[in-house]
file my_file_16.cif (mmCIF, N, CA and C atoms and all ligand atoms)
data_protein
loop_
_atom_site.label_atom_id
_atom_site.label_comp_id
_atom_site.auth_asym_id
_atom_site.auth_seq_id
_atom_site.Cartn_x
_atom_site.Cartn_y
_atom_site.Cartn_z
N VAL A 13 0.83 -1.20 0.00
CA VAL A 13 0.00 0.00 0.00
C VAL A 13 0.87 1.25 0.00
N GLU A 14 0.27 2.32 -0.48
CA GLU A 14 0.96 3.61 -0.60
C GLU A 14 0.17 4.63 0.23
N ARG A 15 0.87 5.64 0.73
CA ARG A 15 0.19 6.68 1.51
C ARG A 15 0.17 7.99 0.74
N SER A 16 -0.89 8.77 0.96
CA SER A 16 -0.96 10.10 0.40
C SER A 16 -1.49 11.04 1.48
N LEU A 17 -1.24 12.33 1.31
CA LEU A 17 -1.87 13.30 2.19
C LEU A 17 -3.05 13.93 1.46
N ALA A 18 -4.20 13.87 2.09
CA ALA A 18 -5.39 14.56 1.59
C ALA A 18 -5.70 15.72 2.53
N ILE A 19 -6.16 16.84 1.96
CA ILE A 19 -6.62 17.95 2.80
C ILE A 19 -8.02 18.34 2.36
N ILE A 20 -8.90 18.44 3.33
CA ILE A 20 -10.20 19.06 3.09
C ILE A 20 -10.01 20.54 3.44
N LYS A 21 -10.08 21.39 2.41
CA LYS A 21 -9.73 22.80 2.54
C LYS A 21 -10.88 23.61 3.16
N PRO A 22 -10.63 24.87 3.55
CA PRO A 22 -11.64 25.64 4.31
C PRO A 22 -13.01 25.75 3.63
N ASP A 23 -13.02 25.82 2.29
CA ASP A 23 -14.33 26.00 1.62
C ASP A 23 -15.17 24.74 1.63
N ALA A 24 -14.58 23.59 2.00
CA ALA A 24 -15.34 22.33 1.98
C ALA A 24 -15.48 21.73 3.38
N ILE A 25 -15.03 22.45 4.39
CA ILE A 25 -14.98 21.87 5.73
C ILE A 25 -16.39 21.50 6.22
N HIS A 26 -17.39 22.26 5.78
CA HIS A 26 -18.75 21.96 6.22
C HIS A 26 -19.28 20.67 5.60
N LYS A 27 -18.57 20.12 4.63
CA LYS A 27 -18.97 18.86 3.99
C LYS A 27 -18.00 17.73 4.35
N SER A 28 -17.21 17.94 5.41
CA SER A 28 -16.13 16.99 5.67
C SER A 28 -16.64 15.58 5.97
N GLU A 29 -17.76 15.44 6.65
CA GLU A 29 -18.24 14.08 6.96
C GLU A 29 -18.61 13.35 5.69
N GLU A 30 -19.30 14.06 4.81
CA GLU A 30 -19.68 13.48 3.52
C GLU A 30 -18.43 13.07 2.72
N ILE A 31 -17.43 13.94 2.71
CA ILE A 31 -16.21 13.66 1.95
C ILE A 31 -15.44 12.49 2.57
N GLU A 32 -15.37 12.43 3.90
CA GLU A 32 -14.69 11.31 4.55
C GLU A 32 -15.40 9.98 4.24
N ASP A 33 -16.71 10.02 4.15
CA ASP A 33 -17.48 8.83 3.74
C ASP A 33 -17.06 8.36 2.36
N ILE A 34 -16.94 9.31 1.43
CA ILE A 34 -16.55 8.98 0.06
C ILE A 34 -15.14 8.38 0.04
N ILE A 35 -14.25 8.96 0.86
CA ILE A 35 -12.88 8.44 0.93
C ILE A 35 -12.90 6.97 1.34
N LEU A 36 -13.66 6.66 2.37
CA LEU A 36 -13.72 5.27 2.85
C LEU A 36 -14.39 4.35 1.83
N ARG A 37 -15.48 4.83 1.25
CA ARG A 37 -16.19 4.00 0.26
C ARG A 37 -15.37 3.78 -1.01
N SER A 38 -14.38 4.67 -1.24
CA SER A 38 -13.51 4.51 -2.40
C SER A 38 -12.35 3.56 -2.13
N GLY A 39 -12.34 2.97 -0.94
CA GLY A 39 -11.35 1.94 -0.65
C GLY A 39 -10.09 2.41 0.04
N PHE A 40 -10.07 3.65 0.47
CA PHE A 40 -8.91 4.15 1.20
C PHE A 40 -9.08 3.83 2.69
N ALA A 41 -7.97 3.53 3.35
CA ALA A 41 -7.96 3.50 4.81
C ALA A 41 -7.51 4.88 5.28
N VAL A 42 -8.10 5.37 6.36
CA VAL A 42 -7.65 6.63 6.95
C VAL A 42 -6.74 6.29 8.12
N LEU A 43 -5.43 6.55 7.95
CA LEU A 43 -4.45 6.16 8.97
C LEU A 43 -4.32 7.22 10.05
N GLN A 44 -4.44 8.50 9.66
CA GLN A 44 -4.34 9.58 10.63
C GLN A 44 -5.23 10.71 10.16
N LYS A 45 -5.65 11.52 11.12
CA LYS A 45 -6.56 12.61 10.80
C LYS A 45 -6.36 13.72 11.81
N ARG A 46 -6.35 14.95 11.35
CA ARG A 46 -6.13 16.09 12.24
C ARG A 46 -6.87 17.30 11.71
N ARG A 47 -7.62 17.96 12.57
CA ARG A 47 -8.27 19.22 12.23
C ARG A 47 -7.36 20.33 12.71
N VAL A 48 -7.03 21.29 11.84
CA VAL A 48 -6.07 22.31 12.21
C VAL A 48 -6.41 23.62 11.49
N HIS A 49 -6.17 24.72 12.18
CA HIS A 49 -6.33 26.04 11.56
C HIS A 49 -4.92 26.59 11.36
N LEU A 50 -4.44 26.57 10.11
CA LEU A 50 -3.07 27.00 9.82
C LEU A 50 -2.93 28.50 10.01
N THR A 51 -1.78 28.94 10.53
CA THR A 51 -1.44 30.36 10.49
C THR A 51 -1.00 30.68 9.06
N PRO A 52 -1.02 31.98 8.67
CA PRO A 52 -0.51 32.33 7.34
C PRO A 52 0.93 31.84 7.14
N GLU A 53 1.74 31.87 8.19
CA GLU A 53 3.13 31.41 8.06
C GLU A 53 3.18 29.91 7.75
N GLN A 54 2.35 29.13 8.44
CA GLN A 54 2.32 27.68 8.17
C GLN A 54 1.81 27.38 6.77
N ALA A 55 0.78 28.14 6.34
CA ALA A 55 0.26 27.93 4.98
C ALA A 55 1.33 28.27 3.94
N SER A 56 2.12 29.33 4.19
CA SER A 56 3.22 29.70 3.29
C SER A 56 4.27 28.59 3.22
N ASP A 57 4.57 27.99 4.37
CA ASP A 57 5.55 26.89 4.39
C ASP A 57 5.03 25.71 3.58
N PHE A 58 3.77 25.38 3.79
CA PHE A 58 3.21 24.21 3.11
C PHE A 58 3.26 24.39 1.60
N TYR A 59 2.96 25.60 1.12
CA TYR A 59 2.92 25.87 -0.32
C TYR A 59 4.16 26.62 -0.79
N ALA A 60 5.30 26.41 -0.12
CA ALA A 60 6.53 27.15 -0.44
C ALA A 60 6.91 27.05 -1.92
N GLU A 61 6.57 25.91 -2.57
CA GLU A 61 6.94 25.76 -3.99
C GLU A 61 6.26 26.81 -4.87
N HIS A 62 5.18 27.42 -4.39
CA HIS A 62 4.46 28.43 -5.18
C HIS A 62 4.86 29.86 -4.81
N TYR A 63 5.84 30.00 -3.90
CA TYR A 63 6.27 31.33 -3.49
C TYR A 63 6.68 32.15 -4.72
N GLY A 64 6.23 33.39 -4.79
CA GLY A 64 6.59 34.26 -5.91
C GLY A 64 5.55 34.28 -7.01
N LYS A 65 4.64 33.29 -7.02
CA LYS A 65 3.60 33.32 -8.05
C LYS A 65 2.54 34.37 -7.70
N LEU A 66 1.85 34.84 -8.74
CA LEU A 66 0.85 35.88 -8.54
C LEU A 66 -0.22 35.47 -7.54
N PHE A 67 -0.61 34.18 -7.57
CA PHE A 67 -1.71 33.75 -6.71
C PHE A 67 -1.26 33.36 -5.30
N PHE A 68 0.06 33.44 -5.02
CA PHE A 68 0.55 32.96 -3.73
C PHE A 68 -0.10 33.67 -2.53
N PRO A 69 -0.15 35.01 -2.51
CA PRO A 69 -0.75 35.67 -1.33
C PRO A 69 -2.21 35.26 -1.10
N SER A 70 -2.99 35.15 -2.16
CA SER A 70 -4.39 34.78 -1.94
C SER A 70 -4.52 33.30 -1.59
N LEU A 71 -3.60 32.46 -2.10
CA LEU A 71 -3.60 31.05 -1.70
C LEU A 71 -3.33 30.91 -0.21
N VAL A 72 -2.36 31.69 0.29
CA VAL A 72 -2.04 31.64 1.72
C VAL A 72 -3.22 32.16 2.55
N ALA A 73 -3.85 33.23 2.09
CA ALA A 73 -5.01 33.78 2.82
C ALA A 73 -6.15 32.76 2.86
N TYR A 74 -6.40 32.11 1.73
CA TYR A 74 -7.45 31.09 1.65
C TYR A 74 -7.16 29.93 2.60
N MET A 75 -5.92 29.41 2.54
CA MET A 75 -5.62 28.20 3.31
C MET A 75 -5.51 28.47 4.81
N SER A 76 -5.41 29.76 5.19
CA SER A 76 -5.37 30.09 6.62
C SER A 76 -6.68 30.76 7.05
N SER A 77 -7.70 30.73 6.20
CA SER A 77 -8.95 31.45 6.48
C SER A 77 -9.88 30.69 7.43
N GLY A 78 -9.61 29.42 7.66
CA GLY A 78 -10.46 28.64 8.54
C GLY A 78 -9.86 27.27 8.73
N PRO A 79 -10.51 26.43 9.54
CA PRO A 79 -9.96 25.11 9.79
C PRO A 79 -9.93 24.23 8.54
N ILE A 80 -8.97 23.33 8.52
CA ILE A 80 -8.88 22.32 7.47
C ILE A 80 -8.77 20.96 8.15
N ILE A 81 -8.96 19.90 7.39
CA ILE A 81 -8.73 18.55 7.91
C ILE A 81 -7.66 17.88 7.06
N ALA A 82 -6.57 17.47 7.70
CA ALA A 82 -5.50 16.74 7.01
C ALA A 82 -5.66 15.27 7.33
N LEU A 83 -5.60 14.45 6.29
CA LEU A 83 -5.77 13.00 6.46
C LEU A 83 -4.65 12.25 5.76
N VAL A 84 -4.10 11.26 6.44
CA VAL A 84 -3.20 10.33 5.77
C VAL A 84 -4.06 9.16 5.30
N ILE A 85 -4.12 9.00 3.98
CA ILE A 85 -4.97 7.96 3.40
C ILE A 85 -4.08 6.92 2.73
N ALA A 86 -4.55 5.69 2.68
CA ALA A 86 -3.70 4.61 2.15
C ALA A 86 -4.51 3.61 1.35
N LYS A 87 -3.93 3.17 0.26
CA LYS A 87 -4.40 2.05 -0.54
C LYS A 87 -3.34 1.81 -1.62
N ASP A 88 -3.50 0.82 -2.47
CA ASP A 88 -2.59 0.65 -3.59
C ASP A 88 -2.70 1.87 -4.50
N SER A 89 -1.58 2.42 -4.92
CA SER A 89 -1.55 3.60 -5.79
C SER A 89 -2.41 4.74 -5.26
N ALA A 90 -2.33 4.96 -3.95
CA ALA A 90 -3.17 5.98 -3.31
C ALA A 90 -2.96 7.38 -3.92
N ILE A 91 -1.73 7.71 -4.26
CA ILE A 91 -1.44 9.06 -4.75
C ILE A 91 -2.20 9.33 -6.04
N ALA A 92 -2.06 8.42 -7.01
CA ALA A 92 -2.72 8.60 -8.31
C ALA A 92 -4.24 8.47 -8.16
N HIS A 93 -4.69 7.51 -7.37
CA HIS A 93 -6.14 7.31 -7.23
C HIS A 93 -6.82 8.51 -6.59
N TRP A 94 -6.18 9.08 -5.57
CA TRP A 94 -6.80 10.24 -4.90
C TRP A 94 -6.82 11.44 -5.84
N ARG A 95 -5.74 11.66 -6.59
CA ARG A 95 -5.73 12.80 -7.53
C ARG A 95 -6.76 12.61 -8.64
N GLU A 96 -6.96 11.35 -9.04
CA GLU A 96 -7.98 11.08 -10.05
C GLU A 96 -9.38 11.38 -9.48
N LEU A 97 -9.59 10.99 -8.24
CA LEU A 97 -10.90 11.21 -7.60
C LEU A 97 -11.18 12.71 -7.40
N ILE A 98 -10.16 13.48 -7.01
CA ILE A 98 -10.43 14.91 -6.79
C ILE A 98 -10.54 15.69 -8.09
N GLY A 99 -9.79 15.29 -9.11
CA GLY A 99 -9.95 15.91 -10.42
C GLY A 99 -9.06 17.13 -10.64
N PRO A 100 -9.30 17.86 -11.74
CA PRO A 100 -8.45 18.99 -12.12
C PRO A 100 -8.43 20.11 -11.06
N THR A 101 -7.30 20.84 -11.03
CA THR A 101 -7.09 21.90 -10.03
C THR A 101 -8.19 22.96 -10.07
N ASN A 102 -8.56 23.38 -11.27
CA ASN A 102 -9.50 24.49 -11.42
C ASN A 102 -10.95 23.97 -11.38
N THR A 103 -11.65 24.33 -10.33
CA THR A 103 -13.02 23.83 -10.13
C THR A 103 -13.94 24.16 -11.30
N ILE A 104 -13.78 25.35 -11.85
CA ILE A 104 -14.66 25.78 -12.94
C ILE A 104 -14.47 24.88 -14.16
N LYS A 105 -13.18 24.63 -14.50
CA LYS A 105 -12.89 23.74 -15.63
C LYS A 105 -13.28 22.30 -15.29
N ALA A 106 -13.04 21.90 -14.04
CA ALA A 106 -13.39 20.53 -13.63
C ALA A 106 -14.87 20.27 -13.83
N ARG A 107 -15.71 21.27 -13.56
CA ARG A 107 -17.15 21.09 -13.73
C ARG A 107 -17.51 20.80 -15.18
N GLN A 108 -16.69 21.34 -16.11
CA GLN A 108 -16.97 21.12 -17.53
C GLN A 108 -16.45 19.77 -18.01
N THR A 109 -15.24 19.40 -17.55
CA THR A 109 -14.61 18.20 -18.13
C THR A 109 -14.77 16.95 -17.27
N HIS A 110 -14.86 17.11 -15.95
CA HIS A 110 -14.96 15.96 -15.03
C HIS A 110 -16.06 16.24 -14.00
N PRO A 111 -17.31 16.31 -14.44
CA PRO A 111 -18.38 16.78 -13.56
C PRO A 111 -18.60 15.93 -12.30
N ASP A 112 -18.09 14.68 -12.29
CA ASP A 112 -18.28 13.83 -11.12
C ASP A 112 -17.13 13.90 -10.13
N CYS A 113 -16.05 14.59 -10.49
CA CYS A 113 -14.90 14.61 -9.58
C CYS A 113 -15.25 15.44 -8.34
N LEU A 114 -14.49 15.20 -7.27
CA LEU A 114 -14.84 15.84 -6.00
C LEU A 114 -14.68 17.35 -6.03
N ARG A 115 -13.68 17.84 -6.79
CA ARG A 115 -13.53 19.29 -6.87
C ARG A 115 -14.70 19.92 -7.62
N ALA A 116 -15.22 19.24 -8.63
CA ALA A 116 -16.39 19.77 -9.35
C ALA A 116 -17.59 19.87 -8.41
N VAL A 117 -17.71 18.89 -7.52
CA VAL A 117 -18.88 18.84 -6.64
C VAL A 117 -18.71 19.77 -5.43
N TYR A 118 -17.51 19.79 -4.83
CA TYR A 118 -17.34 20.50 -3.55
C TYR A 118 -16.55 21.80 -3.65
N GLY A 119 -15.93 22.06 -4.80
CA GLY A 119 -15.09 23.24 -4.92
C GLY A 119 -15.90 24.50 -5.17
N THR A 120 -15.21 25.63 -5.15
CA THR A 120 -15.85 26.93 -5.27
C THR A 120 -15.46 27.64 -6.57
N ASP A 121 -14.13 27.78 -6.82
CA ASP A 121 -13.67 28.50 -8.01
C ASP A 121 -12.28 28.02 -8.41
N ASP A 122 -11.53 28.84 -9.16
CA ASP A 122 -10.22 28.36 -9.64
C ASP A 122 -9.20 28.21 -8.53
N GLN A 123 -9.41 28.86 -7.43
CA GLN A 123 -8.49 28.72 -6.30
C GLN A 123 -9.07 27.88 -5.17
N ARG A 124 -10.29 28.18 -4.80
CA ARG A 124 -10.91 27.46 -3.68
C ARG A 124 -11.48 26.16 -4.23
N ASN A 125 -10.63 25.12 -4.22
CA ASN A 125 -10.98 23.88 -4.90
C ASN A 125 -11.18 22.70 -3.96
N ALA A 126 -11.53 22.99 -2.72
CA ALA A 126 -12.07 22.02 -1.76
C ALA A 126 -11.08 20.98 -1.23
N LEU A 127 -10.17 20.51 -2.08
CA LEU A 127 -9.36 19.35 -1.69
C LEU A 127 -7.93 19.45 -2.19
N HIS A 128 -7.06 18.80 -1.47
CA HIS A 128 -5.66 18.68 -1.89
C HIS A 128 -5.27 17.22 -1.94
N GLY A 129 -4.37 16.89 -2.84
CA GLY A 129 -3.76 15.57 -2.86
C GLY A 129 -2.29 15.67 -3.22
N SER A 130 -1.45 14.92 -2.53
CA SER A 130 -0.02 14.91 -2.85
C SER A 130 0.17 14.52 -4.32
N ASP A 131 1.23 15.09 -4.95
CA ASP A 131 1.39 14.80 -6.38
C ASP A 131 2.52 13.81 -6.68
N SER A 132 3.23 13.36 -5.67
CA SER A 132 4.30 12.37 -5.89
C SER A 132 4.61 11.69 -4.57
N PHE A 133 5.40 10.61 -4.66
CA PHE A 133 5.79 9.91 -3.44
C PHE A 133 6.57 10.84 -2.51
N SER A 134 7.51 11.61 -3.08
CA SER A 134 8.33 12.46 -2.21
C SER A 134 7.51 13.59 -1.60
N SER A 135 6.57 14.17 -2.36
CA SER A 135 5.75 15.22 -1.74
C SER A 135 4.80 14.62 -0.71
N ALA A 136 4.32 13.42 -0.94
CA ALA A 136 3.45 12.78 0.07
C ALA A 136 4.21 12.61 1.39
N GLU A 137 5.44 12.13 1.30
CA GLU A 137 6.22 11.93 2.53
C GLU A 137 6.47 13.26 3.24
N ARG A 138 6.82 14.28 2.47
CA ARG A 138 7.07 15.61 3.06
C ARG A 138 5.80 16.16 3.70
N GLU A 139 4.68 16.05 2.99
CA GLU A 139 3.42 16.62 3.47
C GLU A 139 2.89 15.88 4.69
N ILE A 140 3.08 14.55 4.71
CA ILE A 140 2.64 13.78 5.88
C ILE A 140 3.46 14.22 7.10
N ARG A 141 4.77 14.40 6.90
CA ARG A 141 5.62 14.85 8.00
C ARG A 141 5.25 16.26 8.46
N PHE A 142 4.79 17.10 7.51
CA PHE A 142 4.39 18.47 7.86
C PHE A 142 3.24 18.45 8.87
N PHE A 143 2.24 17.63 8.62
CA PHE A 143 1.07 17.61 9.49
C PHE A 143 1.18 16.62 10.64
N PHE A 144 1.99 15.57 10.45
CA PHE A 144 2.10 14.52 11.47
C PHE A 144 3.57 14.25 11.75
N PRO A 145 4.26 15.23 12.37
CA PRO A 145 5.71 15.10 12.53
C PRO A 145 6.11 13.90 13.38
N ASP A 146 5.20 13.39 14.19
CA ASP A 146 5.58 12.27 15.06
C ASP A 146 5.29 10.91 14.42
N SER A 147 4.73 10.93 13.18
CA SER A 147 4.30 9.65 12.61
C SER A 147 5.51 8.76 12.33
N VAL A 148 5.35 7.51 12.62
CA VAL A 148 6.42 6.53 12.46
C VAL A 148 6.63 6.25 10.98
N VAL A 149 7.87 6.28 10.53
CA VAL A 149 8.17 5.96 9.14
C VAL A 149 8.40 4.45 9.05
N GLU A 150 7.64 3.79 8.17
CA GLU A 150 7.77 2.32 8.06
C GLU A 150 8.83 1.97 7.03
P1 LIG B 201 -3.05 20.88 -4.52
O1 LIG B 201 -1.52 21.04 -4.41
O2 LIG B 201 -3.80 21.77 -3.58
O3 LIG B 201 -3.51 19.46 -4.52
P2 LIG B 201 -2.78 21.00 -7.35
O4 LIG B 201 -1.58 20.15 -7.19
O5 LIG B 201 -3.88 20.51 -8.22
O6 LIG B 201 -3.43 21.38 -5.97
P3 LIG B 201 -1.04 23.27 -7.59
O7 LIG B 201 -0.61 23.72 -8.93
O8 LIG B 201 -0.06 22.56 -6.72
O9 LIG B 201 -2.37 22.43 -7.81
O10 LIG B 201 -1.61 24.54 -6.85
C1 LIG B 201 -1.82 24.52 -5.46
C2 LIG B 201 -3.07 25.28 -5.14
O11 LIG B 201 -2.92 26.65 -5.50
C3 LIG B 201 -4.30 24.82 -5.93
O12 LIG B 201 -4.94 23.73 -5.34
C4 LIG B 201 -5.17 26.08 -5.92
O13 LIG B 201 -5.86 26.20 -4.67
C5 LIG B 201 -4.13 27.18 -6.01
N1 LIG B 201 -3.90 27.57 -7.41
C6 LIG B 201 -3.19 26.89 -8.34
N2 LIG B 201 -3.16 27.54 -9.52
C7 LIG B 201 -3.89 28.68 -9.33
C8 LIG B 201 -4.24 29.78 -10.14
N3 LIG B 201 -3.84 29.86 -11.42
N4 LIG B 201 -5.00 30.75 -9.61
C9 LIG B 201 -5.41 30.72 -8.34
N5 LIG B 201 -5.09 29.70 -7.51
C10 LIG B 201 -4.35 28.70 -7.98
#
call {"tool": "encode", "arguments": {"input": "my_file_16.cif", "output": "structure tokens"}}
result
Amino acid sequence: VERSLAIIKPDAIHKSEEIEDIILRSGFAVLQKRRVHLTPEQASDFYAEHYGKLFFPSLVAYMSSGPIIALVIAKDSAIAHWRELIGPTNTIKARQTHPDCLRAVYGTDDQRNALHGSDSFSSAEREIRFFFPDSVVE
């Protein structure tokens, strides 16, 4: 099995129970879960790869605007499967091309897209450590 980090972002937090149900019904195990309200500094650290981009300040404001839920999810090919389930980054485009994906259903706009998924094995490991620094590495 492979692990990924999923985040239910501030715009979808009111639907978190519904989304967690879908995660489980899609065959993922939830290994860890944490509800957290990031400071702007923590949100900047998490998205450091986007530092300098035009949308960076509003991304940081969005991700620190309210509580989020970080989940370590696991199954075979969890990283690819979760990204497939959440769909394209831009909610507006996702609604046109992948109307059943989770971002199309729960997202708000091109930035507030309800969910996050790690995009590689190395980013999954880094992101899991970010939210769960005490987690045991197997
Ligand atoms: P995530 O990392 O959250 O899973 P992603 O990998 O699909 O999303 P990234 O390119 O890593 O997308 O962008 C990170 C986040 O920054 C996006 O989820 C979105 O909230 C925001 N974002 C990305 N591109 C734009 C943009 N062009 N305009 C506004 N916000 C954006």
call {"tool": "residues_around", "arguments": {"input": "my_file_16.cif", "residues": "region 63-75 of chain A", "least_positions_apart": "2", "cutoff": "7 Å", "atoms": "all atoms listed in the file", "output": "NGL selection string"}}
result
:A and (21-22 or 49-52 or 55-56 or 59-61 or 77-78)
call {"tool": "atom_distance", "arguments": {"input": "my_file_16.cif", "atom1": "atom O10 of ligand LIG 201 (chain B)", "atom2": "CA of Asn125 (chain A)"}}
result
9.6 Å
call {"tool": "atom_distance", "arguments": {"input": "my_file_16.cif", "atom1": "atom C of Gly39 (chain A)", "atom2": "atom N of Lys87 (chain A)"}}
result
6.2 Å
call {"tool": "closest_atom_pairs", "arguments": {"input": "my_file_16.cif", "of": "chain A", "to": "ligand LIG 201 (chain B)", "cutoff": "6.5 Å", "atoms": "all atoms listed in the file", "output": "tab-separated table"}}
result
residue	atom	partner	partner_atom	distance
A:Phe67	CA	B:LIG201	C9	5.1
A:Leu71	CA	B:LIG201	C5	5.8
A:Pro100	C	B:LIG201	O5	5.4
A:Thr101	CA	B:LIG201	O5	3.9
A:Asn102	N	B:LIG201	O5	6.3
A:Asp122	C	B:LIG201	N5	4.5
A:Gln123	C	B:LIG201	O13	3.7
A:Arg124	N	B:LIG201	O13	4.9
A:Asn125	N	B:LIG201	O13	4.9
A:Leu127	C	B:LIG201	O2	4.9
A:His128	CA	B:LIG201	O3	3.5
A:Gly129	N	B:LIG201	O3	3.2
A:Ser130	N	B:LIG201	O3	5.4
A:Asp131	CA	B:LIG201	O4	6.2
call {"tool": "closest_residue", "arguments": {"input": "my_file_16.cif", "among": "A:Ala86, A:Ile104, A:Ile31, A:Leu17", "to": "Thr120 (chain A)", "atoms": "only N, CA and C atoms"}}
result
A:Ile104
call {"tool": "decode", "arguments": {"input": "my_file_16.cif", "residues": "region 88-112 of chain A", "atoms": "N, CA and C atoms", "output": "tab-separated table (two decimals), in the first residue's frame"}}
result
chain	number	residue	atom	x	y	z
A	88	ASP	N	-3.50	0.82	-2.47
A	88	ASP	CA	-2.59	0.65	-3.59
A	88	ASP	C	-2.70	1.87	-4.50
A	89	SER	N	-1.58	2.42	-4.92
A	89	SER	CA	-1.55	3.60	-5.79
A	89	SER	C	-2.41	4.74	-5.26
A	90	ALA	N	-2.33	4.96	-3.95
A	90	ALA	CA	-3.17	5.98	-3.31
A	90	ALA	C	-2.96	7.38	-3.92
A	91	ILE	N	-1.73	7.71	-4.26
A	91	ILE	CA	-1.44	9.06	-4.75
A	91	ILE	C	-2.20	9.33	-6.04
A	92	ALA	N	-2.06	8.42	-7.01
A	92	ALA	CA	-2.72	8.60	-8.31
A	92	ALA	C	-4.24	8.47	-8.16
A	93	HIS	N	-4.69	7.51	-7.37
A	93	HIS	CA	-6.14	7.31	-7.23
A	93	HIS	C	-6.82	8.51	-6.59
A	94	TRP	N	-6.18	9.08	-5.57
A	94	TRP	CA	-6.80	10.24	-4.90
A	94	TRP	C	-6.82	11.44	-5.84
A	95	ARG	N	-5.74	11.66	-6.59
A	95	ARG	CA	-5.73	12.80	-7.53
A	95	ARG	C	-6.76	12.61	-8.64
A	96	GLU	N	-6.96	11.35	-9.04
A	96	GLU	CA	-7.98	11.08	-10.05
A	96	GLU	C	-9.38	11.38	-9.48
A	97	LEU	N	-9.59	10.99	-8.24
A	97	LEU	CA	-10.90	11.21	-7.60
A	97	LEU	C	-11.18	12.71	-7.40
A	98	ILE	N	-10.16	13.48	-7.01
A	98	ILE	CA	-10.43	14.91	-6.79
A	98	ILE	C	-10.54	15.69	-8.09
A	99	GLY	N	-9.79	15.29	-9.11
A	99	GLY	CA	-9.95	15.91	-10.42
A	99	GLY	C	-9.06	17.13	-10.64
A	100	PRO	N	-9.30	17.86	-11.74
A	100	PRO	CA	-8.45	18.99	-12.12
A	100	PRO	C	-8.43	20.11	-11.06
A	101	THR	N	-7.30	20.84	-11.03
A	101	THR	CA	-7.09	21.90	-10.03
A	101	THR	C	-8.19	22.96	-10.07
A	102	ASN	N	-8.56	23.38	-11.27
A	102	ASN	CA	-9.50	24.49	-11.42
A	102	ASN	C	-10.95	23.97	-11.38
A	103	THR	N	-11.65	24.33	-10.33
A	103	THR	CA	-13.02	23.83	-10.13
A	103	THR	C	-13.94	24.16	-11.30
A	104	ILE	N	-13.78	25.35	-11.85
A	104	ILE	CA	-14.66	25.78	-12.94
A	104	ILE	C	-14.47	24.88	-14.16
A	105	LYS	N	-13.18	24.63	-14.50
A	105	LYS	CA	-12.89	23.74	-15.63
A	105	LYS	C	-13.28	22.30	-15.29
A	106	ALA	N	-13.04	21.90	-14.04
A	106	ALA	CA	-13.39	20.53	-13.63
A	106	ALA	C	-14.87	20.27	-13.83
A	107	ARG	N	-15.71	21.27	-13.56
A	107	ARG	CA	-17.15	21.09	-13.73
A	107	ARG	C	-17.51	20.80	-15.18
A	108	GLN	N	-16.69	21.34	-16.11
A	108	GLN	CA	-16.97	21.12	-17.53
A	108	GLN	C	-16.45	19.77	-18.01
A	109	THR	N	-15.24	19.40	-17.55
A	109	THR	CA	-14.61	18.20	-18.13
A	109	THR	C	-14.77	16.95	-17.27
A	110	HIS	N	-14.86	17.11	-15.95
A	110	HIS	CA	-14.96	15.96	-15.03
A	110	HIS	C	-16.06	16.24	-14.00
A	111	PRO	N	-17.31	16.31	-14.44
A	111	PRO	CA	-18.38	16.78	-13.56
A	111	PRO	C	-18.60	15.93	-12.30
A	112	ASP	N	-18.09	14.68	-12.29
A	112	ASP	CA	-18.28	13.83	-11.12
A	112	ASP	C	-17.13	13.90	-10.13
